[in-house]
Amino acid sequence: MNRIGFWGKGAAAVSVWIAAYTINQPLAEWLAYGLFGLAPGGSAGGAVSFFIYDTIKILLLLVFMVYGVAFFRAGLQTERLRARLAGTRRGFGYLLGAGFGAVTPFCSCSSIPLFLGFTTAGIPFGITMSFLISSPMINEIAVILLGGLLGWPFALAYVCTGLLAGIAGGLIMDAAGAGRWLKPLLRRKPELQELRPSCACGAILPTRISLEGRHRFALAETRSIFRRVAPWVVIGVGVGALLHGYVPDEWVVTHLGKGQWWTVPLAVVAGIPLYANVTGIVPILESLLLKGVPAGTALAFCMGTVVVSLPEILMLRQIMRWKLIALFLAVLLVFCTAAGWLFNGLPFAAGTGL
């Protein structure tokens with residue numbers, strides 16, 4: 001395949017992907033409210049629309065991210081790249097991982113495809129965990145909305161807290177040697193070995209791979225990961241859709257209290273079963289503030305909902321052992337709780353009820 005033909009087919013494939021991603025939300029609404037005849041404001045309609053939209057969105061992101069990272073990785077000497085990253089100052093690496101997570105507008109489940117790509121590319125485990133922690137926690141939409149609702153000092157403190165959580169989380173993961181609890185889901189593929197001859201010592205030779213070869217490797221990588229992860233995406237989003245549609249906001253407001261110290265960890269735990277991205281959680285945050293819930297407690301609940309979700313746990317179960325999942329959740333719960341206590345005590349967060 002010549003370069004013009006290759007890039008022409010690539011452009012056509014990207015165009016189809018963009019079109020599918022663009023029509024996803026109106027398609028989900030049409031199926032739920034038009035074809036199935038469900039009420040737009042009802043629990044069933046909201047759950048079905050949410051399920052269709054989020055399932056398609058995550059699967060599209062999974063295909064795009066895994067293929068893109070695999071295609072790029074096939075043209076790199078990943079061993080040399082990994083050695084360079086490992087040789088740099090780890091603190092800077094954690095900052096890069098957390099910073100990249102901060103500028104990527106992904107929810108907790110949507111961050112997993114890119115996390116898989118980083119893992120297969122041989123990026124140090126602590127850096128990939130820094131990304132996985134900070135990506136759903138910091139979001140441009142969240143920053144803008146928090147700035148408008150609670151003031152820009154509050155929004156800036158929120159961003160700094162998310163970056164600190166990502167950096168410290170990656171450091172803790174490496175200090176605990178948690179990478180050994182990652183399942184061997186993404187081993188080096190034989191396709192790449194066929195394309196990249198090696199010396200007797202096992203070192204990869206600097207042989208240039210053709211575009212067709214990189215495409216074959218990326219396609220095989222995408223198919224393998226998609227078959228393994230896609231069923232759990234459907235199951236996880238299904239569980240999240242049921243909770244999203246049928247758990248009333250009033251229940252949350254009733255059980256969060258008026259600022260006692262224990263309401264912050266309770267708010268984080270209560271938010272875990274409710275799967276939502278930042279856009280979906282903002283109305284709940286606003287309603288909590290309107291009901292007089294302290295800003296830190298409301299934010300802790302929203303962080304628990306966005307950063308730690310039951311569907312995410314189900315998906316991570318396919319690539320992480322339970323020890324790693326337990327440590328990951330413990331780190332997130334500690335940081336979300338600490339953030340809630342911190343923001344409840346900040347002077348510019350007082351009296352933020354709308």
# chains A, B, ... in the order shown; residues from 1 in each chain; ligands from 1

call {"tool": "residues_around", "arguments": {"residues": "segment 210-227 of chain A", "least_positions_apart": "3", "cutoff": "6 Å", "atoms": "only C-alpha atoms", "output": "list in words"}}
result
Val66, Tyr67, Ala70, Phe71, Ala74, Glu191 and Ala230 of chain A

call {"tool": "write_last_selection", "arguments": {"atoms": "N, CA and C atoms", "output": "PDB file, in the first residue's frame"}}
result
ATOM      1  N   VAL A  66      -6.503   2.892  21.687  1.00  0.00           N
ATOM      2  CA  VAL A  66      -5.633   1.718  21.630  1.00  0.00           C
ATOM      3  C   VAL A  66      -4.962   1.609  20.271  1.00  0.00           C
ATOM      4  N   TYR A  67      -5.720   1.839  19.188  1.00  0.00           N
ATOM      5  CA  TYR A  67      -5.114   1.773  17.858  1.00  0.00           C
ATOM      6  C   TYR A  67      -4.059   2.861  17.689  1.00  0.00           C
ATOM      7  N   ALA A  70      -0.952   2.088  19.758  1.00  0.00           N
ATOM      8  CA  ALA A  70      -0.252   0.923  19.216  1.00  0.00           C
ATOM      9  C   ALA A  70       0.438   1.260  17.897  1.00  0.00           C
ATOM     10  N   PHE A  71      -0.211   2.036  17.043  1.00  0.00           N
ATOM     11  CA  PHE A  71       0.397   2.431  15.770  1.00  0.00           C
ATOM     12  C   PHE A  71       1.643   3.269  16.019  1.00  0.00           C
ATOM     13  N   ALA A  74       4.477   1.060  17.491  1.00  0.00           N
ATOM     14  CA  ALA A  74       5.132   0.139  16.568  1.00  0.00           C
ATOM     15  C   ALA A  74       6.310   0.784  15.853  1.00  0.00           C
ATOM     16  N   GLU A 191       3.286 -10.051  16.424  1.00  0.00           N
ATOM     17  CA  GLU A 191       3.346  -9.294  15.179  1.00  0.00           C
ATOM     18  C   GLU A 191       4.508  -8.311  15.199  1.00  0.00           C
ATOM     19  N   ALA A 230     -14.403  -5.142  25.993  1.00  0.00           N
ATOM     20  CA  ALA A 230     -15.720  -4.646  25.584  1.00  0.00           C
ATOM     21  C   ALA A 230     -16.880  -5.229  26.393  1.00  0.00           C
TER      22      ALA A 230
END

call {"tool": "closest_residue", "arguments": {"among": "A:Val264, A:Val237, A:Leu285, A:Leu35", "to": "Phe335 of chain A", "atoms": "only C-alpha atoms"}}
result
A:Val264

call {"tool": "residues_around", "arguments": {"residues": "Met320 of chain A", "least_positions_apart": "6", "cutoff": "12 Å", "atoms": "only C-alpha atoms", "output": "ChimeraX atom specification"}}
result
/A:112,115-116,119,129,178-186,312-314,326-329

call {"tool": "write_last_selection", "arguments": {"atoms": "C-alpha atoms", "output": "short mmCIF file (atom, residue, chain, number, x, y, z; two decimals), in the first residue's frame"}}
result
data_model
loop_
_atom_site.label_atom_id
_atom_site.label_comp_id
_atom_site.auth_asym_id
_atom_site.auth_seq_id
_atom_site.Cartn_x
_atom_site.Cartn_y
_atom_site.Cartn_z
CA ILE A 112 -8.94 3.42 30.89
CA PHE A 115 -4.16 3.92 30.45
CA LEU A 116 -4.03 0.60 28.58
CA THR A 119 0.85 0.38 29.84
CA MET A 129 -1.31 5.76 37.55
CA ALA A 178 2.08 -2.07 42.86
CA GLY A 179 2.99 -2.69 39.23
CA ARG A 180 3.50 -6.38 40.07
CA TRP A 181 -0.25 -6.65 40.65
CA LEU A 182 -1.08 -5.66 37.07
CA LYS A 183 -2.47 -8.61 35.10
CA PRO A 184 -0.47 -9.80 32.06
CA LEU A 185 -3.22 -8.68 29.71
CA LEU A 186 -1.06 -6.73 27.32
CA GLU A 312 -14.56 1.64 36.41
CA ILE A 313 -13.85 -0.98 39.08
CA LEU A 314 -15.49 -3.68 36.95
CA ALA A 326 -7.78 -2.09 46.70
CA LEU A 327 -4.68 0.13 46.88
CA PHE A 328 -5.94 2.29 44.01
CA LEU A 329 -9.31 2.78 45.68
#

call {"tool": "atom_distance", "arguments": {"atom1": "atom CA of Gly340 of chain A", "atom2": "atom CA of Arg317 of chain A"}}
result
27.4 Å

call {"tool": "closest_residue", "arguments": {"among": "A:Trp341, A:Trp262, A:Trp322, A:Tyr246", "to": "Gly296 of chain A", "atoms": "only C-alpha atoms"}}
result
A:Trp341

call {"tool": "closest_residue", "arguments": {"among": "A:Phe6, A:Phe131, A:Trp30, A:Phe72", "to": "Gly162 of chain A", "atoms": "only C-alpha atoms"}}
result
A:Phe131

call {"tool": "closest_residue", "arguments": {"among": "A:Ile123, A:Ala168, A:Ala330, A:Val234", "to": "Ile52 of chain A", "atoms": "only C-alpha atoms"}}
result
A:Val234

call {"tool": "residues_around", "arguments": {"residues": "Ile56 of chain A", "least_positions_apart": "3", "cutoff": "12 Å", "atoms": "only C-alpha atoms", "output": "PyMOL selection string"}}
result
chain A and resi 17+20-25+27-28+49-53+59-63+110+230+233-234+237-238

call {"tool": "atom_distance", "arguments": {"atom1": "atom CA of Ser111 of chain A", "atom2": "atom CA of Asp54 of chain A"}}
result
13.0 Å

call {"tool": "residues_around", "arguments": {"residues": "Phe301 of chain A", "least_positions_apart": "2", "cutoff": "6 Å", "atoms": "only C-alpha atoms", "output": "ChimeraX atom specification"}}
result
/A:267-268,271,298-299,303-304

call {"tool": "closest_residue", "arguments": {"among": "A:Leu31, A:Thr161, A:Gln260, A:Val334", "to": "Val48 of chain A", "atoms": "only C-alpha atoms"}}
result
A:Leu31
